[in-house]
Amino acid sequence: MLLVPCPHCGPRNSADMSYQGEASSRPDPSSATPAQWRDYLYMEHNPAGWLKENWYCSSGCRRFFSVERHTVTSEFREPPLPGSKTAEPGAGTDRQGGGS
Amino acid sequence: MTKQVIELSEKSAKLSPVFRRNQAPRYSAAALLWRGVRNDSWPRVWREPQLKKSYDAVVVGGGVHGLATAYYLAANHGITDVAVLDKAYLGSGGSGRNTAIVRSNYLTPEGVAFYDRSLDLYNTMSADLNLNVMFSERGHLTLAHTDSAVRTMRWRAEVNKLQGIDSTVIGPDEISKIAPSLDTSPNTRYPILAALYHPPGGTIRHDAVVWAYARAADAYGVDMHQKTEVQDIVCEGGDGPDGKGPGAKVTGVRTSKGDVSAPVVINCTAGWASLIAAMAGIQLPITTHPLQAAVTEPVKVFLPTVVVSGSLHVYVSQTDRGELVFGASVDPFATYDMRGTLDFTEELAGHVLELMPAVSQMRLQRQWAGLCDITPDYSPVMGFTPVEGFLCDVGWGTYGFKAGPVSGEQMAKCVADGATPDLISPFALSRFNDGVLVGEKGAAAVGH
Amino acid sequence: MAEPEFRSSVTTLAATPAGAPALTDESPLTKVSVRARVGASPLGVDFTRAARRDGVLICGIRPDEWLLLGGEGEVEALLAAAEFDASVNRIDITHSRLCLRLTGVRSASALEKVCSLDFGDMMFPDGATGSASVAKVSSDLVRDDIAGEPSYLLLADRSFGQYLYDAIHDATTEFADSL
Amino acid sequence: MIRRLEPQSGEVIDRETPLKFTWNSKKYVGYAGDTIASALLANNQQVFSRSMKYHRPRGVLTADYWDPNTTVQVGTEPNVRGAHRLLEADMKVSAQNAWPSLDLDVKAANGLFGRFLTAGFYYKTFIKPQRLWPLYEKVLARFAPGGVVDLNTPHGYHDKRYAHPDVVVAGGGPAGLAAAISAAKAGMSVMLVEQNHHLGGHLRWGTDQDRETADDLEAAARDAGVEILTDSAVTGRYDDNWIAISQRDHPGVVERLIKARAKTLVVAAGLVERPYVFSGNDLPGVMLSGAVRRLINMYAVRPGNHAVVLTANAEGDAAVADLERVGVEVARVVDARAGETISKATGSSKQLGSVTLADGSTVKADLLVTAAGWTAPTSLLNMSGDRPSYDPAAARFFPTALPDNVIATGGLVGDGSLDELIAHGISSGELAAQRAAAVKHRLRSTVTRAQNPKGPEPPVQQDRRIGLSRAPHPELYRSDTHGMVDFSEDVSSKDLVNAAAEGFDSVELVKRFTTATMGPSQGKLETVNTVAVLAEARGETIEEVGTTVWRPPYAPISLGALAGRVFEPVRVSSLHEWHTANNMTPILAGQWIRPEHYGDPGAEVANVRTNVGIIDVTPLGKLDLRGPDVPKLLNLLYTNKWSKLPIGRVRYGMMCAEDGVVLDDGVTGRLGEDHYLMTTTSSGAGQIWQWVEMWLQTEHPDWEVHVTPVTTGFTSINIAGPKSRELLMRLVDDVDLSAEAFEYMNVRTGTIAGVPDCFMWRIGFTGELSFEVHVPAGFGLHVWEQLIERGADLGVGPFGLEAQRIMRLEKGHFIVGQDTDGLTKAPTTGLRALIKLDKDDFAGKPELEWALGPEAPELPVLVAITPTDPRLVPDEACQILREGTTEIVGRITSSRFSPSLQRSICLGQVTPEFAAAGTMLTVRLCDGSDTTARVMEHHAHFDPEGVRLRG
């Protein structure tokens with residue numbers, strides 16, 4: 001069980017957290033073109049390496065934060081940043097893919 | 001350009017001696033006996049060729065999708081000058097790590113038609129490719145524990161029936177007859193209210209599918225290169241750095257074993273799709289998550305069918321060897337790390353025991369993980385991309401194995417015709433830009 | 001008309017076996033949530049710390065939330081005396097939250113059967129608070145020792161009352177003398 | 001008991017406690033302390049199982065946990081390790097893989113055809129005719145190995161606990177014990193986990209002096225406060241030293257999973273003795289040296305009478321000494337260190353008869369002991385990221401690079417005298433303690449609630465241990481004949497060679513093709529032999545071939561233990577007891593248990609439509625919102641406008657995700673200047689709370705809004721029906737409930753039945769005059785009982801979810817997630833007027849703007865539908881077709897028979913072409929027949945003008 005560094009609680013089990021996906025900034029809805037908006041909605045960098053991402057400390061302090069994690073080695077780069085922007089609509093909650 | 005490839009290869013089409021020349025000795029019980037009597041061993045199942053400087057087409061990824069694509073390019077379209085590149089061994093990725101369930105009872109008519117074609121190909125694969133892939137048409141039960149799940153099962157059944165697929169909603173009594181080990185009593189925490197029963201679904205020996213395609217493709221002269229990692233895709237004329245990105249044209253790949261020029265490069269990877277696409281300057285709507293599976297020690301066969309519970313995020317079948325094979329939903333966060341987690345086995349065991357309390361004394365003997373490329377609408381990304389000559393057959397989430405044969409067949413057709421076949425047109429990358437997603441989202445949430 | 005009577009969501013209590021940590025229901029306590037900006041300290045108690053003042057236990061359960069626990073009138077009195085700026089809100093959550101207390105030398109061991117936090121004295125000393133899943137229910141935990149004996153308060157959504165009580169009680173039985 | 005020896009000084013059996021048991025229904029007696037296998041062997045039972053494919057008889061091979069041949073069924077429990085599980089009184093033990101019996105196994109005929117049943121033979125046969133494959137498959141399935149699952153097996157009481165030890169030591173041999181002792185003495189909390197029933201590892205079957213050392217170490221460990229677990233195993237090492245331990249020595253539970261977050265892990269797993277590959281190496285009577293020593297010294301069992309011993313190491317020499325001491329004739333010692341070896345073993349089907357040496361000579365023997373070397377069980381190191389490397393001089397794999405928090409000691413890292421092993425264990429324990437102290441320091445400074453540590457964080461200690469030397473060992477894998485490599489899978493070295501020749505020539509492919517290492521011992525005995533045979537076949541070195549990845553678990557763990565006690569939270573409202581006492585038929589809705597009805601939902605509907613009914617709607621999501629910026633928040637979350645909501649008013653709103661898909665809906669009321677109460681759907685309550693927090697914390701941290709979930713702080717009761725006002729008035733004195741003073745879509749605060757601080761909303765889902773009251777939950781039951789009591793003369797009765805569903809459908813209210821799905825964008829619902837594109841921003845706005853623009857494809861439309869046949873209720877999810885085709889143009893999303901209208905009613909989504917009022921639709925019913933239905937003018941089938949609810 002991965003330990004995720006929460007800026008408020010300290011390291012916590014990933015099961016105490018809710019993953020919010022890649023960090024990206026929300027385009028200005030009054031000026032965004034459909035293409036820009038859908039980039040924001042759907043496109044991912046998905047790197048094999050350092051990824052800036054968001055977590056919600058759902059069982060703990062209930063704060064959102066951003067952190068950089070290496071997607072191959074699972075290391076975290078300190079320090080996490082509280083209250084960063086999220087990437088996913090629907091708060092990433094519907095990303096529970098089906099199995100086989 | 002792809003048209004041109006066809007014409008070139010047309011000469012060596014169906015009646016060419018290629019297959020004959022490289023044809024492996026046919027497998028049969030008689031041949032097995034004969035070799036047993038003479039104590040002969042079998043010849044190599046596929047060659048170990050040298051990497052050439054150029055190919056008509058390069059397939060990246062030696063799994064079911066890549067090998068099927070190569071096979072159908074050769075078998076259906078006479079394009080035999082094809083290389084399949086894999087950074088490890090054939091079938092080392094998702095093809096060898098999935099739980100080998102096949103079915104066609106999807107939610108949308110497009111999905112049903114697509115997977116049904118795949119099931120057809122699986123059905124005749126042993127004979128078509130002369131290798132027993134042990135397709136076990138044992139039926140597939142998707143359990144519903146809530147009213148809304150029952151509704152979704154009925155939705156799927158009704159769509160399936162309209163497409164001529166054998167798929168019905170059945171009640172606890174009938175479920176109990178099909179799989180007596182399931183606890184169908186009404187007072188459980190997750191009562192089994194109904195199930196979607198799909199008799200044509202079943203399991204298959206996943207490795208055998210890989211080997212069957214590899215052996216058959218090899219017989220047509222397709223080159224398979226194991227331990228050959230694609231390190232870059234060479235493009236020209238694109239908007240991005242190094243001439244990549246939209247508007248570019250593929251000229252070849254750089255590999256750990258040398259450069260290869262090719263006018264067509266097909267990305268058939270799972271788990272690394274975003275990375276391969278990025279080599280051509282293409283961004284995909286994909287996040288990569290591990291999907292874990294586990295297997296118990298063997299016991300005498302007692303579970304005759306595939307059982308899936310969407311609400312409990314578990315699916316289970318029993319192999320002919322007696323092991324229970326389990327899978328679940330993908331891990332909650334994106335990672336390329338395949339080490340597996342304890343939480344997965346805990347959740348899994350808890351949920352399996354909800355369904356089948358009698359197996360509490362069975363022991364888990366191995367867990368493993370594969371990588372899944374998840375898209376926003378639980379549907380793949382197939383066909384052309386904004387880079388000419390660079391095609392994708394990716395984003396297969398947790399359902400790639402089921403779709404291997406049809407994907408290969410259709411991708412080969414796509415390359416050969418230079419046009420997107422109808423069967424895969426709903427899965428074009430452009431749909432995310434157009435805002436028209438595929439409707440499998442509803443079913444996949446409870447699918448498996 | 002019958003007088004309204006407060007009813008806890010824990011409706012069936014079980015006996016505590018001798019030697020096992022004692023689990024009691026303290027749901028009727030007055031519970032008020034005081035909300036302020038993250039980083040503010042309107043009551044002088046930090047996040048993850050708890051302190052008792054005028055009979056009221058003030059618990060920093062989130063970076064922007066303090067839970068006040070006390071007997072009838074005590075919390076109101078304390079709040080009436082406090083001076084808050086306009087950004088502070090107080091919400092009575094007496095009825096929203098279930099409150100259990102687990103007391104006894106083995107209570108940390110019992111909690112380790114249902115919760116992944118480290119309840120060792122160094123990591124969760126008296127006067128500390130923590131939030132975590134307890135038997136799969138999001139809960140707030142406060143260590144509030146009684147006369148030197150380890151004691152923990154557990155607060156969770158009221159609707160889980162009986163379920164949580166049963167799950168924790170079951171976890172305590174292992175520590176009974178007879179076993 | 002003819003094989004039982006006179007008492008041995010180190011025996012672990014209690015001769016004072018005989019235990020009766022049965023083996024294949026025949027009665028036998030063993031002693032307490034016996035394993036099942038030792039007891040059977042003492043009773044002269046040599047054959048324990050039949051092999052998987054060829055059904056060859058198999059006897060004891062390793063006499064420990066990893067013995068592949070002694071797996072048995074005990075009562076309802078399959079696959080019990082007979083050479084590890086202790087005998088219990090009245091145990092019912094039976095052989096697993098034999099039909100009809102162990103002695104007469106008809107499937108043994110398979111053995112005759114062995115040369116045809118080569119690895120992978122399935123793939124090459126049963127191809128044609130294909131229709132016969134299912135038949136073959138059924139036959140093959142009967143050959144599945146393993147025990148039997150009794151479908152009536154009780155669940156059993158399993159358990160779990162978390163632990164936070166400073167140091168976990170995996171392995172209770174001399175090095176592990178020493179490490180545990182020194183770590184504990186350094187002030188660390190230590191858990192020591194040993195798979196066997198006794199501590200001391202190989203010392204337990206060694207000399208008297210060895211045992212004395214083991215006893216001393218055990219006593220010292222207990223004195224130092226080490227938590228000792230025997231009959232337990234560290235089954236996995238996961239991210240950040242999350243350690244899984246299967247504990248079987250805990251009273252009261254069958255098996256317990258301990259999840260330990262260890263600051264350091266010491267791996268002292270010892271070594272596993274490796275079988276030698278030669279023809280006949282699976283005959284009963286062929287044993288490893290460790291097996292012989294355990295049987296003699298621990299269980300006082302004579303393993304045979306005439307022995308040949310192949311020895312390449314001291315353990316083999318010690319086995320010779322043990323055998324001679326107890327009077328077994330050692331006919332020949334074959335010393336591999338001197339270049340001697342054996343060629344093959346032969347015998348009857350059930351017993352070794354003779355051994356052929358490399359020089360061709362033959363020695364009669366009923367016992368062949370091999371001491372061919374060791375496999376390092378590096379599983380836990382692999383799981384820690386290590387890729388062990390092969391040392392040909394020592395003939396085994398060694399660790400290469402480990403993370404700081406994993407430390408290996410003992411046989412895994414080298415050899416040496418007992419003193420050297422213990423010294424290495426001690427220094428490993430010290431290193432583990434120092435590194436754990438650093439981790440502890442860091443934790444105490446980062447976990448806010450912890451006591452702050454004193455002083456600066458200590459640096460991570462470098463590894464300055466004096467290493468263990470590696471004893472030279474001959475590379476002894478296969479003789480000049482072919483034999484069994486994987487005993488549990490029946491894979492021979494011939495199979496591996498053939499597979500390699502066919503092209504399955506990498507270790508992973510050969511494993512997949514032959515199934516070698518895939519069986520219950522998961523490679524412990526056979527991995528290195530597999531690699532060695534493959535290396536030989538390919539003409540490569542073992543290092544070049546490499547190994548497969550060892551995956552968790554290290555030892556199998558029961559599903560019961562992994563599941564533990566069942567934690568499946570359920571939620572109930574304050575009225576649950578009342579519902580239960582009043583004939584509730586419950587329904588599970590997520591975690592909630594709710595009343596579906598109280599006997600007759602149709603009558604409940606009728607009562608609401610004519611008198612008054614009350615329903616428990618507590619699960620309805622409720623968020624208390626406070627602060628000056630609440631209107632901004634509401635404007636952002638809902639598609640409609642919220643800036644000018646007066647105090648005392650409520651408004652309906654719909655929320656969308658950023659892709660324009662309907663996420664939730666509900667009403668929000670303004671209770672005070674800066675105080676609002678938002679309601680959400682019951683199922684969406686948790687998700688919407690997180691959604692709101694996400695917007696506030698990440699997009700608008702400057703907005704002053706505090707969100708508090710109060711869903712169960714209130715018992716929510718909807719009082720519905722023409723007499724609802726009259727009923728509520730009897731309980732409320734301080735609020736004017738008249739139609740004029742308290743209009744539809746308003747909210748008031750007041751006292752109900754003596755309970756202050758209740759909220760009353762004039763809203764409802766049923767279409768009737770109705771009041772939704774929210775009562776502080778501790779008093780919920782009081783108010784409910786008062787409503788029932790005081791309304792008796794009005795005909796008040798409870799109604800459940802089903803009645804509410806019927807009435808909402810009569811009124812045409814959609815349910816998010818039922819009438820909408822994962823792709824339904826807001827305009828489909830028909831509430832176009834609620835989508836205010838002139839707002840600067842709201843969640844999903846750009847996508848909705850596009851969806852309503854000229855370029856977007858037309859969206860499906862939600863419509864009310866009436867079947868032509870009023871008695872016919874199409875099932876929900878029935879498809880709507882273009883007439884005469886199978887083209888799907890829509891589906892029924894909700895359907896019921898309306899008791900109020902006495903006809904069937906539906907909601908459905910259709911393509912715009914079919915959405916116009918009056919359109920006749922073709923509905924395909926579940927039985928395959930078609931029916932027709934008409935699209936209605938309004939969503940509401942009942943009281944479309946809303947006269948009743950405004951009353």
# chains A, B, ... in the order shown; residues from 1 in each chain; ligands from 1
call {"tool": "interface_residues", "arguments": {"of": "chain B", "to": "chain A", "cutoff": "7 Å", "atoms": "only C-alpha atoms", "output": "ChimeraX atom specification"}}
result
/B:99,101,274-275,283-288,327-330,332-333,335-337,341,376,398-399,432-433,444-448
call {"tool": "write_last_selection", "arguments": {"atoms": "C-alpha atoms", "output": "PDB file, in the first residue's frame"}}
result
ATOM      1  CA  THR B  99      -8.220 -13.638 -17.345  1.00  0.00           C
ATOM      2  CA  ILE B 101     -12.797 -14.280 -20.787  1.00  0.00           C
ATOM      3  CA  SER B 274       0.514   6.867 -24.825  1.00  0.00           C
ATOM      4  CA  LEU B 275       4.295   6.573 -24.906  1.00  0.00           C
ATOM      5  CA  GLN B 283      -1.593  12.771 -27.625  1.00  0.00           C
ATOM      6  CA  LEU B 284      -4.193  10.225 -26.572  1.00  0.00           C
ATOM      7  CA  PRO B 285      -7.160  10.361 -24.181  1.00  0.00           C
ATOM      8  CA  ILE B 286      -5.639   7.572 -22.117  1.00  0.00           C
ATOM      9  CA  THR B 287      -4.523   6.971 -18.578  1.00  0.00           C
ATOM     10  CA  THR B 288      -2.702   3.779 -17.736  1.00  0.00           C
ATOM     11  CA  GLY B 327     -10.054 -10.394 -11.740  1.00  0.00           C
ATOM     12  CA  ALA B 328     -11.398  -7.079 -10.538  1.00  0.00           C
ATOM     13  CA  SER B 329     -11.563  -3.491 -11.700  1.00  0.00           C
ATOM     14  CA  VAL B 330      -8.477  -1.471 -12.473  1.00  0.00           C
ATOM     15  CA  PRO B 332      -7.604   3.381  -8.478  1.00  0.00           C
ATOM     16  CA  PHE B 333      -4.632   5.446  -9.552  1.00  0.00           C
ATOM     17  CA  THR B 335       0.792   3.931 -12.670  1.00  0.00           C
ATOM     18  CA  TYR B 336       3.112   1.891 -14.843  1.00  0.00           C
ATOM     19  CA  ASP B 337       4.120  -0.200 -11.836  1.00  0.00           C
ATOM     20  CA  THR B 341      -1.220  -4.787  -4.139  1.00  0.00           C
ATOM     21  CA  PRO B 376     -13.077   8.247 -21.054  1.00  0.00           C
ATOM     22  CA  THR B 398      -9.856  -4.143 -19.593  1.00  0.00           C
ATOM     23  CA  TYR B 399     -11.477  -5.715 -22.645  1.00  0.00           C
ATOM     24  CA  PHE B 432     -12.938  13.081 -28.643  1.00  0.00           C
ATOM     25  CA  ASN B 433     -12.385  16.236 -30.606  1.00  0.00           C
ATOM     26  CA  ALA B 444     -18.678  -0.964 -18.783  1.00  0.00           C
ATOM     27  CA  ALA B 445     -19.285   0.509 -15.369  1.00  0.00           C
ATOM     28  CA  VAL B 446     -20.922  -2.776 -14.475  1.00  0.00           C
ATOM     29  CA  GLY B 447     -19.479  -4.783 -17.303  1.00  0.00           C
ATOM     30  CA  HIS B 448     -16.379  -6.977 -16.996  1.00  0.00           C
TER      31      HIS B 448
END
call {"tool": "select_by_dssp", "arguments": {"residues": "region 95-171 of chain C", "states": "helix (DSSP H, G or I)", "output": "JSON, numbers by chain"}}
result
{"C": [107, 108, 109, 110, 111, 158, 159, 160, 161, 162, 163, 164, 165, 166, 167, 168, 169, 170, 171]}
call {"tool": "interface_residues", "arguments": {"of": "chain D", "to": "chain C", "cutoff": "9 Å", "atoms": "only C-alpha atoms", "output": "number ranges by chain"}}
result
D: 159-164, 251-252, 259, 443-444, 447-452, 565-574, 577, 592, 624, 626-628, 704-706, 708-714, 753-755, 776-783, 786
call {"tool": "residues_around", "arguments": {"residues": "Asp393 (chain B)", "least_positions_apart": "3", "cutoff": "6 Å", "atoms": "only C-alpha atoms", "output": "mmCIF file with N, CA, C and O atoms, in the first residue's frame"}}
result
data_model
loop_
_atom_site.group_PDB
_atom_site.id
_atom_site.type_symbol
_atom_site.label_atom_id
_atom_site.label_comp_id
_atom_site.auth_asym_id
_atom_site.auth_seq_id
_atom_site.Cartn_x
_atom_site.Cartn_y
_atom_site.Cartn_z
ATOM 1 N N ASN B 267 0.404 1.058 -33.950
ATOM 2 C CA ASN B 267 0.605 0.991 -32.501
ATOM 3 C C ASN B 267 -0.402 0.021 -31.911
ATOM 4 O O ASN B 267 -1.578 0.338 -31.778
ATOM 5 N N CYS B 268 0.042 -1.177 -31.593
ATOM 6 C CA CYS B 268 -0.841 -2.200 -31.007
ATOM 7 C C CYS B 268 -0.407 -2.515 -29.588
ATOM 8 O O CYS B 268 -0.402 -3.669 -29.173
ATOM 9 N N VAL B 381 -9.402 3.253 -29.113
ATOM 10 C CA VAL B 381 -9.049 4.227 -30.145
ATOM 11 C C VAL B 381 -8.450 3.415 -31.293
ATOM 12 O O VAL B 381 -7.419 2.772 -31.124
ATOM 13 N N MET B 382 -9.136 3.425 -32.433
ATOM 14 C CA MET B 382 -8.711 2.574 -33.541
ATOM 15 C C MET B 382 -8.656 3.350 -34.848
ATOM 16 O O MET B 382 -9.493 4.198 -35.113
#
call {"tool": "select_by_dssp", "arguments": {"residues": "region 365-549 of chain D", "states": "strand (DSSP E)", "output": "list of chain:residue names"}}
result
D:Leu367, D:Leu368, D:Val369, D:Thr370, D:Ala371, D:Trp374, D:Thr375, D:Ser389, D:Tyr390, D:Asp391, D:Arg396, D:Phe397, D:Phe398, D:Val406, D:Ile407, D:Ala408, D:Met484, D:Val485, D:Asp486, D:Val491, D:Ser492
call {"tool": "write_last_selection", "arguments": {"atoms": "N, CA and C atoms", "output": "mmCIF file, in the first residue's frame"}}
result
data_model
loop_
_atom_site.group_PDB
_atom_site.id
_atom_site.type_symbol
_atom_site.label_atom_id
_atom_site.label_comp_id
_atom_site.auth_asym_id
_atom_site.auth_seq_id
_atom_site.Cartn_x
_atom_site.Cartn_y
_atom_site.Cartn_z
ATOM 1 N N LEU D 367 15.586 -46.405 -0.277
ATOM 2 C CA LEU D 367 15.671 -44.978 0.064
ATOM 3 C C LEU D 367 16.842 -44.370 -0.703
ATOM 4 N N LEU D 368 16.525 -43.328 -1.444
ATOM 5 C CA LEU D 368 17.594 -42.589 -2.113
ATOM 6 C C LEU D 368 17.531 -41.154 -1.606
ATOM 7 N N VAL D 369 18.610 -40.726 -0.984
ATOM 8 C CA VAL D 369 18.648 -39.383 -0.404
ATOM 9 C C VAL D 369 19.517 -38.514 -1.288
ATOM 10 N N THR D 370 19.000 -37.349 -1.664
ATOM 11 C CA THR D 370 19.842 -36.443 -2.440
ATOM 12 C C THR D 370 20.067 -35.161 -1.658
ATOM 13 N N ALA D 371 21.320 -34.732 -1.669
ATOM 14 C CA ALA D 371 21.661 -33.426 -1.106
ATOM 15 C C ALA D 371 22.375 -32.691 -2.226
ATOM 16 N N TRP D 374 20.944 -25.918 -2.932
ATOM 17 C CA TRP D 374 19.930 -25.052 -2.346
ATOM 18 C C TRP D 374 19.380 -24.063 -3.349
ATOM 19 N N THR D 375 18.136 -23.743 -3.108
ATOM 20 C CA THR D 375 17.526 -22.619 -3.813
ATOM 21 C C THR D 375 17.313 -21.517 -2.787
ATOM 22 N N SER D 389 21.178 -12.370 -8.548
ATOM 23 C CA SER D 389 22.043 -12.845 -9.625
ATOM 24 C C SER D 389 22.639 -14.198 -9.241
ATOM 25 N N TYR D 390 23.000 -14.948 -10.260
ATOM 26 C CA TYR D 390 23.436 -16.321 -10.053
ATOM 27 C C TYR D 390 24.948 -16.377 -9.871
ATOM 28 N N ASP D 391 25.381 -17.156 -8.878
ATOM 29 C CA ASP D 391 26.811 -17.359 -8.637
ATOM 30 C C ASP D 391 27.120 -18.828 -8.903
ATOM 31 N N ARG D 396 23.945 -21.018 -6.559
ATOM 32 C CA ARG D 396 22.625 -20.471 -6.234
ATOM 33 C C ARG D 396 22.603 -18.957 -6.466
ATOM 34 N N PHE D 397 21.406 -18.406 -6.359
ATOM 35 C CA PHE D 397 21.203 -16.976 -6.582
ATOM 36 C C PHE D 397 21.433 -16.196 -5.279
ATOM 37 N N PHE D 398 21.913 -14.964 -5.442
ATOM 38 C CA PHE D 398 22.150 -14.084 -4.291
ATOM 39 C C PHE D 398 21.540 -12.716 -4.567
ATOM 40 N N VAL D 406 14.798 -2.837 3.459
ATOM 41 C CA VAL D 406 14.765 -4.298 3.389
ATOM 42 C C VAL D 406 16.198 -4.810 3.544
ATOM 43 N N ILE D 407 16.377 -5.713 4.473
ATOM 44 C CA ILE D 407 17.712 -6.216 4.801
ATOM 45 C C ILE D 407 17.660 -7.742 4.771
ATOM 46 N N ALA D 408 18.595 -8.357 4.049
ATOM 47 C CA ALA D 408 18.622 -9.815 3.979
ATOM 48 C C ALA D 408 19.719 -10.357 4.876
ATOM 49 N N MET D 484 11.906 -35.592 -13.328
ATOM 50 C CA MET D 484 10.882 -34.618 -13.020
ATOM 51 C C MET D 484 11.532 -33.301 -12.576
ATOM 52 N N VAL D 485 11.056 -32.208 -13.128
ATOM 53 C CA VAL D 485 11.517 -30.901 -12.686
ATOM 54 C C VAL D 485 10.450 -30.266 -11.795
ATOM 55 N N ASP D 486 9.208 -30.255 -12.304
ATOM 56 C CA ASP D 486 8.121 -29.698 -11.511
ATOM 57 C C ASP D 486 7.225 -30.847 -11.068
ATOM 58 N N VAL D 491 6.012 -31.858 -14.861
ATOM 59 C CA VAL D 491 6.796 -31.387 -15.998
ATOM 60 C C VAL D 491 8.217 -31.933 -15.858
ATOM 61 N N SER D 492 8.658 -32.619 -16.893
ATOM 62 C CA SER D 492 9.972 -33.243 -16.837
ATOM 63 C C SER D 492 10.996 -32.380 -17.564
#
call {"tool": "residues_around", "arguments": {"residues": "Pro246 (chain B)", "least_positions_apart": "6", "cutoff": "6 Å", "atoms": "only C-alpha atoms", "output": "ChimeraX atom specification"}}
result
/B:238,386-387
call {"tool": "write_last_selection", "arguments": {"atoms": "all heavy atoms", "output": "short mmCIF file (atom, residue, chain, number, x, y, z; two decimals), in the first residue's frame"}}
result
data_model
loop_
_atom_site.label_atom_id
_atom_site.label_comp_id
_atom_site.auth_asym_id
_atom_site.auth_seq_id
_atom_site.Cartn_x
_atom_site.Cartn_y
_atom_site.Cartn_z
N GLY B 238 5.80 17.20 -39.97
CA GLY B 238 4.78 17.54 -38.99
C GLY B 238 4.99 18.91 -38.36
O GLY B 238 6.05 19.51 -38.52
N PRO B 386 -3.81 11.76 -36.87
CA PRO B 386 -3.39 12.92 -37.66
C PRO B 386 -1.98 12.79 -38.25
O PRO B 386 -1.54 13.67 -38.96
CB PRO B 386 -3.46 14.08 -36.67
CG PRO B 386 -4.40 13.63 -35.61
CD PRO B 386 -4.21 12.16 -35.51
N VAL B 387 -1.26 11.72 -37.93
CA VAL B 387 0.04 11.48 -38.56
C VAL B 387 -0.14 10.40 -39.62
O VAL B 387 -0.55 9.28 -39.30
CB VAL B 387 1.09 11.05 -37.52
CG1 VAL B 387 2.38 10.60 -38.21
CG2 VAL B 387 1.39 12.21 -36.56
#
call {"tool": "closest_residue", "arguments": {"among": "B:Arg366, B:His65, B:His225, B:His313", "to": "chain D", "atoms": "only C-alpha atoms"}}
result
B:Arg366
call {"tool": "closest_atom_pairs", "arguments": {"of": "chain A", "to": "chain C", "cutoff": "8 Å", "atoms": "only C-alpha atoms", "output": "CSV"}}
result
residue,atom,partner,partner_atom,distance
A:His8,CA,C:Pro63,CA,7.3
A:Asp16,CA,C:Ala132,CA,6.9
A:Ser59,CA,C:Ala132,CA,4.9
A:Gly60,CA,C:Ser131,CA,4.7
A:Cys61,CA,C:Arg62,CA,5.1
A:Arg62,CA,C:Arg62,CA,7.5
call {"tool": "write_last_selection", "arguments": {"atoms": "N, CA and C atoms", "output": "mmCIF file, in the first residue's frame"}}
result
data_model
loop_
_atom_site.group_PDB
_atom_site.id
_atom_site.type_symbol
_atom_site.label_atom_id
_atom_site.label_comp_id
_atom_site.auth_asym_id
_atom_site.auth_seq_id
_atom_site.Cartn_x
_atom_site.Cartn_y
_atom_site.Cartn_z
ATOM 1 N N HIS A 8 -1.218 18.044 4.922
ATOM 2 C CA HIS A 8 -1.787 18.341 6.246
ATOM 3 C C HIS A 8 -1.584 17.213 7.235
ATOM 4 N N ASP A 16 -6.707 5.665 1.907
ATOM 5 C CA ASP A 16 -7.390 6.758 2.605
ATOM 6 C C ASP A 16 -7.622 7.946 1.676
ATOM 7 N N SER A 59 -10.395 10.243 3.500
ATOM 8 C CA SER A 59 -10.659 9.685 4.834
ATOM 9 C C SER A 59 -9.957 10.476 5.916
ATOM 10 N N GLY A 60 -9.164 11.449 5.523
ATOM 11 C CA GLY A 60 -8.393 12.188 6.511
ATOM 12 C C GLY A 60 -8.840 13.623 6.622
ATOM 13 N N CYS A 61 -7.983 14.548 6.161
ATOM 14 C CA CYS A 61 -8.259 15.968 6.387
ATOM 15 C C CYS A 61 -9.253 16.547 5.380
ATOM 16 N N ARG A 62 -9.611 15.759 4.370
ATOM 17 C CA ARG A 62 -10.561 16.184 3.335
ATOM 18 C C ARG A 62 -10.094 17.426 2.586
#
